[in-house]
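Visitor: Dropping the structure in here first, questions after.
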2 protein chains.
Amino acid sequence: MASFYGIGVGPGDNELLTIKAVNTIKKLDILYAPQAHKGGRSVAENIAAPYLPANLKIKRRHFPMTNDWEKKIKSWQEIAEEIAKDVKNDNNVGFLTLGDPSVYSTFSYIAEMLAERIDIQTIAGISSFSQIAASLSIPLMLDEESLEILPATADITQLEKAIDLNDNVVIMKIATRFAQVYKILEQRDLLSKTIVVENASMETQKKQRLIDYSVNDKLPYFSTALLKKGNKNVKSN
Amino acid sequence: MASFYGIGVGPGDNELLTIKAVNTIKKLDILYAPQAHKGGRSVAENIAAPYLPANLKIKRRHFPMTNDWEKKIKSWQEIAEEIAKDVKNDNNVGFLTLGDPSVYSTFSYIAEMLAERIDIQTIAGISSFSQIAASLSIPLMLDEESLEILPATADITQLEKAIDLNDNVVIMKIATRFAQVYKILEQRDLLSKTIVVENASMETQKKQRLIDYSVNDKLPYFSTALLKKGNKNVKSN
């Protein structure tokens, strides 16, 4: 029976795919990859490039980056219909996702649209926050500590509660609301306990404590903050 | 320069190591592996077994499973000293950890003891909660949702807050306090929105909604619960 596979390619380094991801790619008939720009390849496709067989049929599809939900859902439904047709025609179909398909991924919407109609398999990937901790060789959590993960675009009250009530907090997409998050952490004297990793595991990776930024700095899209409230200030390497 | 590598082997399936983990194992001179029982191999070593070169020197060391911190720290310090000596003698030394080395791992303590003395590299791994979501093909989080991860052994107030304030919650080691966690979720009518995965990605894996358990059930040690508060009840497959 043919299946639809959501494949996590990890955060950037192409050695961070799992053996299972690579083996899954090998058995695909068709691979769907998000398209960054017209004619271009996405970050996810570039990461997986060393493992893509020369004869693999690649369908690059555009996923609109917009806040217009109606437009996004219409576009995903069209792609989902095409995937359903391919799988029903007995093709093993893959879908590449950056990081882990279970973490803030468009794959989840496509999978939900198709859940009752075709077999779906998810191949876990290394998430950006896991790689950030690895690149710093510091734990995300220890013993009885908690970790909360949320995007900077969440409700401000939710962000404040996450920061106040947890031992460790990962704030994704911090670039989208940098000044606000900076101020919340500044008020709580937590700037020195927060480290920001820009472009984790990519060639342009940069690590710096939040206290070494200015409130009005512009950060790249793939920037994530890790707050650790333990009794020591975080070091940037 | 020789380094000390913390290597995440993922939650159980030996295809869930990354290419980087396998390549790192290939360049090791010495591998430290936790020892489950006298003369026995640990779960982590069994997972990595297909990738261990025949001539790799394996040092199995016992890590006491106890609440006596003095005893644990003394044992870790002895192992850390031995590792420091091996690395200073120009050996690349590895240390296997189940799942992701950044997630509740003894490796973090050993790494902290050695941080100022030798070069330390962490190789991220697939965590059990990432694999649980993958095995169910459901997202850990979407859009602006939060995820909190904490162990069932945390303070009860912290557990209640985690459950009340987040969209998604992963409760690790649920077996250690199953009845209490069950009752907290029952009071909030969340049993049907919680799924339990026993022995994720191992041959004995079992998935079941919390509502299909009884409060006094005994679960295996590697059992994790995932609460998703979305408007639909979770399905077990």
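Residue numbering restarts at 1 for every chain of the structure tokens, chains are lettered A, B, ... in their displayed order, and ligands are numbered from 1 as they appear.
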Only residues of chain A matter here; which ones have an atom within 8 Å of chain B, counting only C-alpha atoms? Give them as a ChimeraX atom specification.
Guide: /A:15-20,100-105,108,111,120-126,130-131,133-135,137-151,153-154
Visitor: Which neighbours of Leu28 of chain B fall inside 10 Å, counting only C-alpha atoms, when residues of the same chain fewer than 5 positions from it are skipped, and could you give them as a PDB file with N, CA and C atoms, in the first residue's frame?
Guide:
ATOM      1  N   ALA B   2      41.194  16.222  20.302  1.00  0.00           N
ATOM      2  CA  ALA B   2      40.171  15.239  20.674  1.00  0.00           C
ATOM      3  C   ALA B   2      39.027  15.925  21.426  1.00  0.00           C
ATOM      4  N   SER B   3      37.850  15.351  21.300  1.00  0.00           N
ATOM      5  CA  SER B   3      36.658  15.921  21.947  1.00  0.00           C
ATOM      6  C   SER B   3      35.869  14.851  22.683  1.00  0.00           C
ATOM      7  N   PHE B   4      34.958  15.336  23.498  1.00  0.00           N
ATOM      8  CA  PHE B   4      33.995  14.472  24.186  1.00  0.00           C
ATOM      9  C   PHE B   4      32.625  14.722  23.559  1.00  0.00           C
ATOM     10  N   TYR B   5      32.014  13.660  23.036  1.00  0.00           N
ATOM     11  CA  TYR B   5      30.759  13.785  22.293  1.00  0.00           C
ATOM     12  C   TYR B   5      29.597  13.150  23.058  1.00  0.00           C
ATOM     13  N   ASN B  23      27.972   9.098  12.012  1.00  0.00           N
ATOM     14  CA  ASN B  23      29.316   9.537  11.610  1.00  0.00           C
ATOM     15  C   ASN B  23      30.196   9.849  12.815  1.00  0.00           C
ATOM     16  N   LEU B  52      28.049   0.357  15.755  1.00  0.00           N
ATOM     17  CA  LEU B  52      29.268   0.331  16.560  1.00  0.00           C
ATOM     18  C   LEU B  52      30.327  -0.523  15.861  1.00  0.00           C
ATOM     19  N   PRO B  53      31.466   0.081  15.467  1.00  0.00           N
ATOM     20  CA  PRO B  53      32.518  -0.707  14.812  1.00  0.00           C
ATOM     21  C   PRO B  53      32.996  -1.828  15.738  1.00  0.00           C
ATOM     22  N   LEU B  56      35.724  -0.935  18.298  1.00  0.00           N
ATOM     23  CA  LEU B  56      35.530   0.219  19.188  1.00  0.00           C
ATOM     24  C   LEU B  56      35.652  -0.220  20.646  1.00  0.00           C
ATOM     25  N   LYS B  57      36.445   0.525  21.403  1.00  0.00           N
ATOM     26  CA  LYS B  57      36.606   0.210  22.827  1.00  0.00           C
ATOM     27  C   LYS B  57      35.378   0.733  23.587  1.00  0.00           C
ATOM     28  N   ASN B  91      42.133  10.840  22.861  1.00  0.00           N
ATOM     29  CA  ASN B  91      41.081   9.943  22.367  1.00  0.00           C
ATOM     30  C   ASN B  91      39.799  10.728  22.143  1.00  0.00           C
ATOM     31  N   ASN B  92      39.138  10.475  20.992  1.00  0.00           N
ATOM     32  CA  ASN B  92      37.777  10.974  20.829  1.00  0.00           C
ATOM     33  C   ASN B  92      36.853  10.054  21.610  1.00  0.00           C
ATOM     34  N   VAL B  93      36.132  10.646  22.540  1.00  0.00           N
ATOM     35  CA  VAL B  93      35.328   9.860  23.473  1.00  0.00           C
ATOM     36  C   VAL B  93      33.851  10.157  23.273  1.00  0.00           C
ATOM     37  N   GLY B  94      33.047   9.120  23.189  1.00  0.00           N
ATOM     38  CA  GLY B  94      31.597   9.289  23.040  1.00  0.00           C
ATOM     39  C   GLY B  94      30.849   8.839  24.277  1.00  0.00           C
ATOM     40  N   PHE B  95      29.633   9.349  24.396  1.00  0.00           N
ATOM     41  CA  PHE B  95      28.773   8.985  25.530  1.00  0.00           C
ATOM     42  C   PHE B  95      27.360   8.846  24.965  1.00  0.00           C
TER      43      PHE B  95
END
Visitor: In Å, how far is it from atom CA of Ala48 of chain B to atom CA of Gly12 of chain B?
Guide: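 Atom CA of Gly12 of chain B lies at a distance of 9.3 Å from atom CA of Ala48 of chain B.
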Visitor: What's around Ile73 of chain B at 10 Å? Count only C-alpha atoms, leave out sequence neighbours fewer than 4 positions away in its own chain, and write the answer as an MDAnalysis selection string.
Guide: chainID B and resid 63:64 68:69 77:79 109:110 113
Visitor: Which residues come within 7 Å of Val197 of chain B, counting only C-alpha atoms, excluding same-chain residues fewer than 4 positions away, as a PyMOL selection string?
Guide: chain B and resi 132+205-208+223-225
Visitor: Just the selected residues (N, CA, C and O atoms), exported as an mmCIF file, in the first residue's frame, please.
Guide:
data_model
loop_
_atom_site.group_PDB
_atom_site.id
_atom_site.type_symbol
_atom_site.label_atom_id
_atom_site.label_comp_id
_atom_site.auth_asym_id
_atom_site.auth_seq_id
_atom_site.Cartn_x
_atom_site.Cartn_y
_atom_site.Cartn_z
ATOM 1 N N ILE B 132 6.645 10.432 19.773
ATOM 2 C CA ILE B 132 5.257 10.138 20.137
ATOM 3 C C ILE B 132 4.306 10.871 19.184
ATOM 4 O O ILE B 132 3.362 10.284 18.649
ATOM 5 N N GLN B 205 5.789 -0.969 21.935
ATOM 6 C CA GLN B 205 5.017 0.293 21.942
ATOM 7 C C GLN B 205 3.510 0.031 22.006
ATOM 8 O O GLN B 205 2.986 -0.870 21.353
ATOM 9 N N LYS B 206 2.842 0.833 22.803
ATOM 10 C CA LYS B 206 1.382 0.758 22.919
ATOM 11 C C LYS B 206 0.847 2.180 23.032
ATOM 12 O O LYS B 206 1.410 3.000 23.756
ATOM 13 N N LYS B 207 -0.253 2.480 22.301
ATOM 14 C CA LYS B 207 -0.848 3.808 22.398
ATOM 15 C C LYS B 207 -2.294 3.651 22.850
ATOM 16 O O LYS B 207 -3.014 2.818 22.326
ATOM 17 N N GLN B 208 -2.705 4.479 23.767
ATOM 18 C CA GLN B 208 -4.072 4.374 24.276
ATOM 19 C C GLN B 208 -4.484 5.703 24.898
ATOM 20 O O GLN B 208 -3.672 6.382 25.519
ATOM 21 N N SER B 223 6.767 5.646 29.769
ATOM 22 C CA SER B 223 5.411 6.007 29.337
ATOM 23 C C SER B 223 5.281 7.520 29.404
ATOM 24 O O SER B 223 5.723 8.137 30.376
ATOM 25 N N THR B 224 4.688 8.083 28.378
ATOM 26 C CA THR B 224 4.574 9.531 28.276
ATOM 27 C C THR B 224 3.147 9.872 27.875
ATOM 28 O O THR B 224 2.547 9.171 27.058
ATOM 29 N N ALA B 225 2.614 10.957 28.439
ATOM 30 C CA ALA B 225 1.259 11.392 28.084
ATOM 31 C C ALA B 225 1.336 12.686 27.278
ATOM 32 O O ALA B 225 2.168 13.553 27.556
#
Visitor: Enumerate the residues of segment 3-229 of chain A with a DSSP assignment of strand (DSSP E), computed from the backbone, and present them as a VMD selection string.
Guide: chain A and resid 4 to 8 30 to 35 57 to 62 93 to 97 120 to 123 147 to 151 168 to 172 194 to 198 206 to 209 223 to 228
Visitor: Would you save the residues of that selection, restricted to N, CA and C atoms, as a compact mmCIF listing (two decimals), in the first residue's frame?
Guide:
# COMPACT_ATOMS: atom_id res chain seq x y z
N PHE A 4 1.61 8.39 2.40
CA PHE A 4 2.05 9.79 2.35
C PHE A 4 2.95 10.02 3.56
N TYR A 5 4.18 10.43 3.32
CA TYR A 5 5.19 10.57 4.37
C TYR A 5 5.54 12.03 4.61
N GLY A 6 5.37 12.50 5.82
CA GLY A 6 5.89 13.81 6.24
C GLY A 6 7.29 13.60 6.79
N ILE A 7 8.26 14.22 6.18
CA ILE A 7 9.66 13.91 6.50
C ILE A 7 10.36 15.12 7.08
N GLY A 8 10.78 15.02 8.33
CA GLY A 8 11.53 16.11 8.97
C GLY A 8 12.98 16.05 8.54
N ILE A 30 7.28 10.17 -5.56
CA ILE A 30 7.07 11.60 -5.79
C ILE A 30 7.39 12.35 -4.49
N LEU A 31 8.09 13.47 -4.64
CA LEU A 31 8.39 14.30 -3.47
C LEU A 31 7.79 15.69 -3.66
N TYR A 32 6.97 16.10 -2.71
CA TYR A 32 6.48 17.48 -2.68
C TYR A 32 7.44 18.32 -1.84
N ALA A 33 7.84 19.45 -2.38
CA ALA A 33 8.72 20.35 -1.62
C ALA A 33 8.13 21.75 -1.69
N PRO A 34 8.14 22.46 -0.57
CA PRO A 34 7.66 23.84 -0.61
C PRO A 34 8.61 24.65 -1.48
N GLN A 35 8.06 25.63 -2.14
CA GLN A 35 8.86 26.47 -3.04
C GLN A 35 8.99 27.86 -2.43
N LYS A 57 10.85 12.16 -8.84
CA LYS A 57 9.99 13.22 -9.35
C LYS A 57 9.71 14.25 -8.24
N ILE A 58 10.12 15.47 -8.46
CA ILE A 58 9.92 16.51 -7.44
C ILE A 58 8.84 17.48 -7.90
N LYS A 59 7.82 17.64 -7.07
CA LYS A 59 6.77 18.62 -7.35
C LYS A 59 6.96 19.78 -6.38
N ARG A 60 7.46 20.88 -6.90
CA ARG A 60 7.62 22.06 -6.04
C ARG A 60 6.30 22.83 -6.06
N ARG A 61 5.79 23.09 -4.88
CA ARG A 61 4.51 23.79 -4.77
C ARG A 61 4.66 25.00 -3.87
N HIS A 62 3.97 26.05 -4.27
CA HIS A 62 4.08 27.29 -3.51
C HIS A 62 3.09 27.31 -2.34
N VAL A 93 4.42 8.99 -1.60
CA VAL A 93 4.58 10.43 -1.74
C VAL A 93 5.21 11.00 -0.48
N GLY A 94 6.23 11.82 -0.66
CA GLY A 94 6.88 12.47 0.49
C GLY A 94 6.61 13.97 0.51
N PHE A 95 6.78 14.55 1.67
CA PHE A 95 6.58 15.99 1.86
C PHE A 95 7.68 16.43 2.82
N LEU A 96 8.55 17.32 2.37
CA LEU A 96 9.67 17.74 3.22
C LEU A 96 9.26 18.85 4.18
N THR A 97 9.68 18.71 5.42
CA THR A 97 9.47 19.83 6.34
C THR A 97 10.76 20.14 7.09
N ILE A 120 -1.01 7.82 6.36
CA ILE A 120 -0.05 8.89 6.62
C ILE A 120 0.99 8.44 7.63
N GLN A 121 2.25 8.69 7.32
CA GLN A 121 3.35 8.34 8.22
C GLN A 121 4.16 9.61 8.47
N THR A 122 4.52 9.84 9.72
CA THR A 122 5.34 11.01 10.03
C THR A 122 6.74 10.55 10.46
N ILE A 123 7.75 11.12 9.85
CA ILE A 123 9.14 10.79 10.18
C ILE A 123 9.70 11.96 10.99
N LEU A 147 9.90 22.84 30.63
CA LEU A 147 10.26 23.62 29.44
C LEU A 147 8.98 24.03 28.75
N GLU A 148 8.82 25.33 28.49
CA GLU A 148 7.69 25.74 27.65
C GLU A 148 8.23 26.28 26.34
N ILE A 149 7.58 25.88 25.26
CA ILE A 149 7.95 26.34 23.93
C ILE A 149 6.76 27.09 23.37
N LEU A 150 6.98 28.28 22.86
CA LEU A 150 5.91 29.05 22.23
C LEU A 150 6.50 30.09 21.30
N PRO A 151 5.70 30.57 20.34
CA PRO A 151 6.23 31.58 19.43
C PRO A 151 6.05 32.98 20.01
N ASN A 168 12.57 26.83 32.13
CA ASN A 168 13.22 27.02 30.83
C ASN A 168 12.14 27.39 29.82
N VAL A 169 12.45 28.33 28.93
CA VAL A 169 11.48 28.74 27.92
C VAL A 169 12.18 28.90 26.57
N VAL A 170 11.59 28.32 25.55
CA VAL A 170 12.06 28.54 24.18
C VAL A 170 11.07 29.47 23.50
N ILE A 171 11.56 30.60 23.00
CA ILE A 171 10.69 31.53 22.28
C ILE A 171 11.09 31.48 20.81
N MET A 172 10.19 30.92 19.99
CA MET A 172 10.45 30.77 18.56
C MET A 172 10.10 32.08 17.85
N THR A 194 19.25 34.66 28.96
CA THR A 194 18.61 34.28 27.69
C THR A 194 19.66 34.31 26.59
N ILE A 195 19.66 33.27 25.77
CA ILE A 195 20.59 33.25 24.65
C ILE A 195 19.79 33.17 23.36
N VAL A 196 20.26 33.88 22.35
CA VAL A 196 19.57 33.89 21.07
C VAL A 196 20.46 33.17 20.05
N VAL A 197 19.86 32.25 19.32
CA VAL A 197 20.60 31.60 18.24
C VAL A 197 19.91 31.98 16.93
N GLU A 198 20.67 32.63 16.05
CA GLU A 198 20.16 33.00 14.72
C GLU A 198 20.57 31.89 13.76
N LYS A 206 24.64 32.21 14.38
CA LYS A 206 25.26 33.16 15.32
C LYS A 206 24.60 32.97 16.68
N LYS A 207 25.41 32.97 17.74
CA LYS A 207 24.85 32.81 19.09
C LYS A 207 25.27 34.02 19.91
N GLN A 208 24.34 34.57 20.63
CA GLN A 208 24.66 35.76 21.43
C GLN A 208 23.66 35.88 22.58
N ARG A 209 24.12 36.34 23.73
CA ARG A 209 23.19 36.56 24.84
C ARG A 209 22.29 37.75 24.52
N SER A 223 15.33 32.92 14.08
CA SER A 223 16.03 33.23 15.32
C SER A 223 15.18 32.74 16.48
N THR A 224 15.82 32.13 17.44
CA THR A 224 15.12 31.52 18.57
C THR A 224 15.83 31.91 19.85
N ALA A 225 15.05 32.17 20.90
CA ALA A 225 15.66 32.50 22.19
C ALA A 225 15.44 31.35 23.16
N LEU A 226 16.44 31.10 23.99
CA LEU A 226 16.33 30.10 25.05
C LEU A 226 16.63 30.77 26.38
N LEU A 227 15.61 30.79 27.24
CA LEU A 227 15.75 31.34 28.59
C LEU A 227 15.97 30.20 29.56
N LYS A 228 17.04 30.32 30.34
CA LYS A 228 17.30 29.31 31.39
C LYS A 228 17.44 30.07 32.70
Visitor: From a backbone DSSP assignment, name each residue in segment 12-156 of chain A labelled helix (DSSP H, G or I), as a PyMOL selection string.
Guide: chain A and resi 14-16+19-26+43-51+69-88+107-114+128-136+156
Visitor: Which residue is closest to Val215 of chain B? Choose from B:Gln180, B:Asn55, B:Thr66, B:Ser75 and count only C-alpha atoms.
Guide: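 The shortest atom-to-atom distance to Val215 of chain B comes from B:Gln180.
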Visitor: Within 9 Å of Ala179 of chain A, counting only C-alpha atoms, which residues qualify if same-chain residues fewer than 5 places away don't, as an MDAnalysis selection string?
Guide: chainID A and resid 184 214:217
Visitor: Find the distance between atom CA of Ile174 of chain A and atom CA of Ile47 of chain A and write it in Å to one decimal.
Guide: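 Atom CA of Ile174 of chain A sits 22.9 Å away from atom CA of Ile47 of chain A.
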Visitor: What's around Phe222 of chain B at 8 Å? Count only C-alpha atoms, leave out sequence neighbours fewer than 2 positions away in its own chain, and write the answer as a list in words.
Guide: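 Once the nearby chain positions are removed, what remains is Lys173, Ala175, Glu198, Asn199, Ala200, Pro220 and Thr224 of chain B.
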Visitor: Just write the chosen residues, N, CA and C atoms, as a PDB file, in the first residue's frame.
Guide:
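Ended up saving to selection-v7.pdb:
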ATOM      1  N   LYS B 173       7.448  10.435  32.166  1.00  0.00           N
ATOM      2  CA  LYS B 173       7.531   9.541  33.337  1.00  0.00           C
ATOM      3  C   LYS B 173       6.196   9.447  34.065  1.00  0.00           C
ATOM      4  N   ALA B 175       4.310   7.121  34.635  1.00  0.00           N
ATOM      5  CA  ALA B 175       4.149   5.930  35.466  1.00  0.00           C
ATOM      6  C   ALA B 175       4.460   6.199  36.932  1.00  0.00           C
ATOM      7  N   GLU B 198       3.192   4.101  25.600  1.00  0.00           N
ATOM      8  CA  GLU B 198       4.120   3.310  26.397  1.00  0.00           C
ATOM      9  C   GLU B 198       5.246   2.846  25.475  1.00  0.00           C
ATOM     10  N   ASN B 199       6.479   2.896  25.965  1.00  0.00           N
ATOM     11  CA  ASN B 199       7.647   2.388  25.220  1.00  0.00           C
ATOM     12  C   ASN B 199       7.690   2.874  23.766  1.00  0.00           C
ATOM     13  N   ALA B 200       7.660   4.208  23.590  1.00  0.00           N
ATOM     14  CA  ALA B 200       7.630   4.819  22.258  1.00  0.00           C
ATOM     15  C   ALA B 200       8.738   4.289  21.354  1.00  0.00           C
ATOM     16  N   PRO B 220       4.477   0.911  32.237  1.00  0.00           N
ATOM     17  CA  PRO B 220       5.940   0.760  32.158  1.00  0.00           C
ATOM     18  C   PRO B 220       6.643   2.101  32.363  1.00  0.00           C
ATOM     19  N   THR B 224       4.688   8.083  28.378  1.00  0.00           N
ATOM     20  CA  THR B 224       4.574   9.531  28.276  1.00  0.00           C
ATOM     21  C   THR B 224       3.147   9.872  27.875  1.00  0.00           C
TER      22      THR B 224
END
Visitor: Quick one: pull the distance between atom CA of Ala49 of chain B and atom CA of Leu98 of chain A, Å, one decimal.
Guide: 28.4 Å
Visitor: Nearest to Asn89 of chain B among B:Asp164, B:Glu116, B:Asp29, B:Asp189, with distances taken over only C-alpha atoms: which residue is it?
Guide: B:Asp29
